[in-house]
Amino acid sequence: MKGKAFKAIAFALLLMIVLAGCSSKENNNSPAAAAEPGTDAPAPAATEEEADKPIEISWIASYIPGKDTMAQKYVEERFNMKIDPIGIDRSNWEQQLNIKLAANTKPDFFGNLDSRMDNFKGWVKQGIVGEIPVEKIREFAPKYSQMIDDADPTDWDVPVVDGKNYGIPKIYAEGDSPFVPAFNKAWLTKIGYSEPPKTIAELEDVLTKFRNDDPDGNGKKDTY
């Protein structure tokens with residue numbers, strides 16, 4: 001059950017897709033200097049000021065709650081980054097995404113995209129997404145890589161196109177656990193329940209009364 005639950009999410013293509021644009025940007029935080037073009041000599045090492053400069057990246061997802069959120073600030077501070085979230089409406093995110101890509105808006109990476117595999121392969125063929133070798137993922141994210149291995153190692157196959165890897169599988173860690181519903185105690189009391197429903201029939205009755213019997217007492221049919 002565990003493997004199937006994780007794999008089902010993986011095949012929904014919940015991937016962090018590193019875009020080709022990311023590879024074209026300078027990364028002054030790199031610990032090793034690349035060779036000068038046309039020579040075997042290493043390029044000058046980054047200065048201390050350059051090394052301390054935050055890495056700036058843009059990202060897009062099917063749902064972004066806003067800019068400068070608590071989570072964004074935490075990641076920026078911890079990893080010395082500056083993130084530019086590109087917001088799109090959750091209701092029709094796929095259409096908006098296609099418009100942005102057509103307008104040459106290419107963020108450094110995509111996150112949490114419930115996109116179809118044919119869309120993903122199309123982005124690869126168009127050169128929108130760039131290759132990210134699994135060896136690099138394992139080198140820089142060993143604990144996360146081990147998590148994938150433990151859940152279902154075949155998840156690594158999902159972002160592979162023509163023998164090359166173009167994404168990082170994202171797994172739903174609670175995939176093998178049941179969802180636990182919670183109920184508004186005041187609403188339950190208002191409709192005559194002293195405890196949460198225990199049967200399907202009781203659940204149907206509770207939800208129906210939540211909708212129709214004005215459990216918040218404001219005189220309007222606006223609860224659900």
# chains A, B, ... in the order shown; residues from 1 in each chain; ligands from 1
call {"tool": "residues_around", "arguments": {"residues": "segment 81-85 of chain A", "least_positions_apart": "5", "cutoff": "6 Å", "atoms": "only C-alpha atoms", "output": "PyMOL selection string"}}
result
chain A and resi 54-59+76
call {"tool": "residues_around", "arguments": {"residues": "segment 181-192 of chain A", "least_positions_apart": "4", "cutoff": "12 Å", "atoms": "only C-alpha atoms", "output": "PyMOL selection string"}}
result
chain A and resi 196-198+202-203+205-217+223-224
call {"tool": "atom_distance", "arguments": {"atom1": "atom CA of Ile132 of chain A", "atom2": "atom CA of Pro153 of chain A"}}
result
17.2 Å
call {"tool": "select_by_dssp", "arguments": {"residues": "segment 69-223 of chain A", "states": "helix (DSSP H, G or I)", "output": "JSON, numbers by chain"}}
result
{"A": [70, 71, 72, 73, 74, 75, 76, 77, 78, 79, 93, 94, 95, 96, 97, 98, 99, 100, 101, 102, 117, 118, 119, 120, 121, 122, 123, 124, 125, 134, 135, 136, 137, 138, 139, 140, 142, 143, 144, 145, 146, 147, 148, 149, 150, 151, 153, 154, 155, 156, 157, 185, 186, 187, 188, 189, 190, 200, 201, 202, 203, 204, 205, 206, 207, 208, 209, 210, 211, 212]}
call {"tool": "closest_residue", "arguments": {"among": "A:Asn80, A:Thr199, A:Ser194, A:Asn119", "to": "Glu94 of chain A", "atoms": "only C-alpha atoms"}}
result
A:Asn119
call {"tool": "atom_distance", "arguments": {"atom1": "atom CA of Ile86 of chain A", "atom2": "atom CA of Phe109 of chain A"}}
result
10.5 Å
call {"tool": "decode", "arguments": {"residues": "segment 162-196 of chain A", "atoms": "N, CA and C atoms", "output": "compact mmCIF listing (two decimals), in the first residue's frame"}}
result
# COMPACT_ATOMS: atom_id res chain seq x y z
N ASP A 162 13.68 10.24 -22.63
CA ASP A 162 14.76 9.84 -23.54
C ASP A 162 16.07 9.60 -22.80
N GLY A 163 15.97 8.97 -21.65
CA GLY A 163 17.16 8.57 -20.91
C GLY A 163 17.77 9.66 -20.04
N LYS A 164 17.19 10.86 -20.02
CA LYS A 164 17.73 11.94 -19.20
C LYS A 164 16.69 12.39 -18.17
N ASN A 165 17.19 12.81 -17.01
CA ASN A 165 16.30 13.21 -15.92
C ASN A 165 16.06 14.72 -15.97
N TYR A 166 14.79 15.12 -15.83
CA TYR A 166 14.44 16.53 -15.92
C TYR A 166 13.68 17.05 -14.70
N GLY A 167 13.66 16.31 -13.63
CA GLY A 167 12.93 16.79 -12.47
C GLY A 167 13.26 16.03 -11.22
N ILE A 168 12.73 16.50 -10.10
CA ILE A 168 12.91 15.85 -8.81
C ILE A 168 11.55 15.33 -8.37
N PRO A 169 11.37 14.03 -8.25
CA PRO A 169 10.07 13.51 -7.81
C PRO A 169 9.71 14.07 -6.44
N LYS A 170 8.47 14.49 -6.32
CA LYS A 170 7.98 14.96 -5.03
C LYS A 170 6.96 13.97 -4.51
N ILE A 171 7.20 13.47 -3.32
CA ILE A 171 6.31 12.46 -2.77
C ILE A 171 5.42 13.07 -1.68
N TYR A 172 4.28 12.47 -1.51
CA TYR A 172 3.35 12.88 -0.47
C TYR A 172 3.60 11.96 0.72
N ALA A 173 4.29 12.49 1.71
CA ALA A 173 4.79 11.66 2.80
C ALA A 173 3.67 11.01 3.61
N GLU A 174 2.48 11.59 3.60
CA GLU A 174 1.36 11.03 4.37
C GLU A 174 0.47 10.14 3.49
N GLY A 175 0.99 9.75 2.33
CA GLY A 175 0.17 9.03 1.37
C GLY A 175 -0.39 7.70 1.86
N ASP A 176 0.28 7.08 2.83
CA ASP A 176 -0.22 5.79 3.31
C ASP A 176 -0.96 5.94 4.64
N SER A 177 -1.29 7.16 5.01
CA SER A 177 -2.02 7.40 6.25
C SER A 177 -3.43 7.89 5.95
N PRO A 178 -4.40 7.54 6.80
CA PRO A 178 -5.77 8.00 6.56
C PRO A 178 -5.91 9.48 6.90
N PHE A 179 -6.83 10.15 6.22
CA PHE A 179 -7.14 11.52 6.57
C PHE A 179 -8.02 11.54 7.82
N VAL A 180 -7.75 12.47 8.70
CA VAL A 180 -8.51 12.57 9.94
C VAL A 180 -9.37 13.82 9.88
N PRO A 181 -10.69 13.68 9.77
CA PRO A 181 -11.56 14.86 9.70
C PRO A 181 -11.72 15.51 11.06
N ALA A 182 -11.99 16.80 11.07
CA ALA A 182 -12.27 17.54 12.30
C ALA A 182 -13.59 18.27 12.13
N PHE A 183 -14.32 18.39 13.20
CA PHE A 183 -15.64 19.01 13.16
C PHE A 183 -15.72 20.18 14.13
N ASN A 184 -16.46 21.19 13.75
CA ASN A 184 -16.69 22.34 14.61
C ASN A 184 -17.63 21.92 15.74
N LYS A 185 -17.12 21.91 16.97
CA LYS A 185 -17.90 21.42 18.10
C LYS A 185 -19.15 22.25 18.34
N ALA A 186 -19.03 23.57 18.19
CA ALA A 186 -20.19 24.45 18.39
C ALA A 186 -21.28 24.16 17.36
N TRP A 187 -20.85 23.88 16.13
CA TRP A 187 -21.83 23.55 15.09
C TRP A 187 -22.50 22.22 15.39
N LEU A 188 -21.72 21.25 15.83
CA LEU A 188 -22.30 19.94 16.17
C LEU A 188 -23.35 20.08 17.27
N THR A 189 -23.00 20.84 18.28
CA THR A 189 -23.94 21.05 19.39
C THR A 189 -25.22 21.73 18.89
N LYS A 190 -25.06 22.69 18.00
CA LYS A 190 -26.22 23.44 17.48
C LYS A 190 -27.20 22.53 16.74
N ILE A 191 -26.69 21.49 16.06
CA ILE A 191 -27.57 20.61 15.29
C ILE A 191 -27.94 19.35 16.08
N GLY A 192 -27.58 19.32 17.37
CA GLY A 192 -28.04 18.23 18.22
C GLY A 192 -27.08 17.08 18.42
N TYR A 193 -25.80 17.25 18.09
CA TYR A 193 -24.81 16.19 18.27
C TYR A 193 -23.88 16.53 19.44
N SER A 194 -23.62 15.54 20.28
CA SER A 194 -22.69 15.72 21.40
C SER A 194 -21.30 15.18 21.08
N GLU A 195 -21.16 14.51 19.93
CA GLU A 195 -19.88 13.96 19.50
C GLU A 195 -19.88 13.86 17.98
N PRO A 196 -18.70 13.70 17.37
CA PRO A 196 -18.64 13.61 15.91
C PRO A 196 -19.38 12.38 15.39
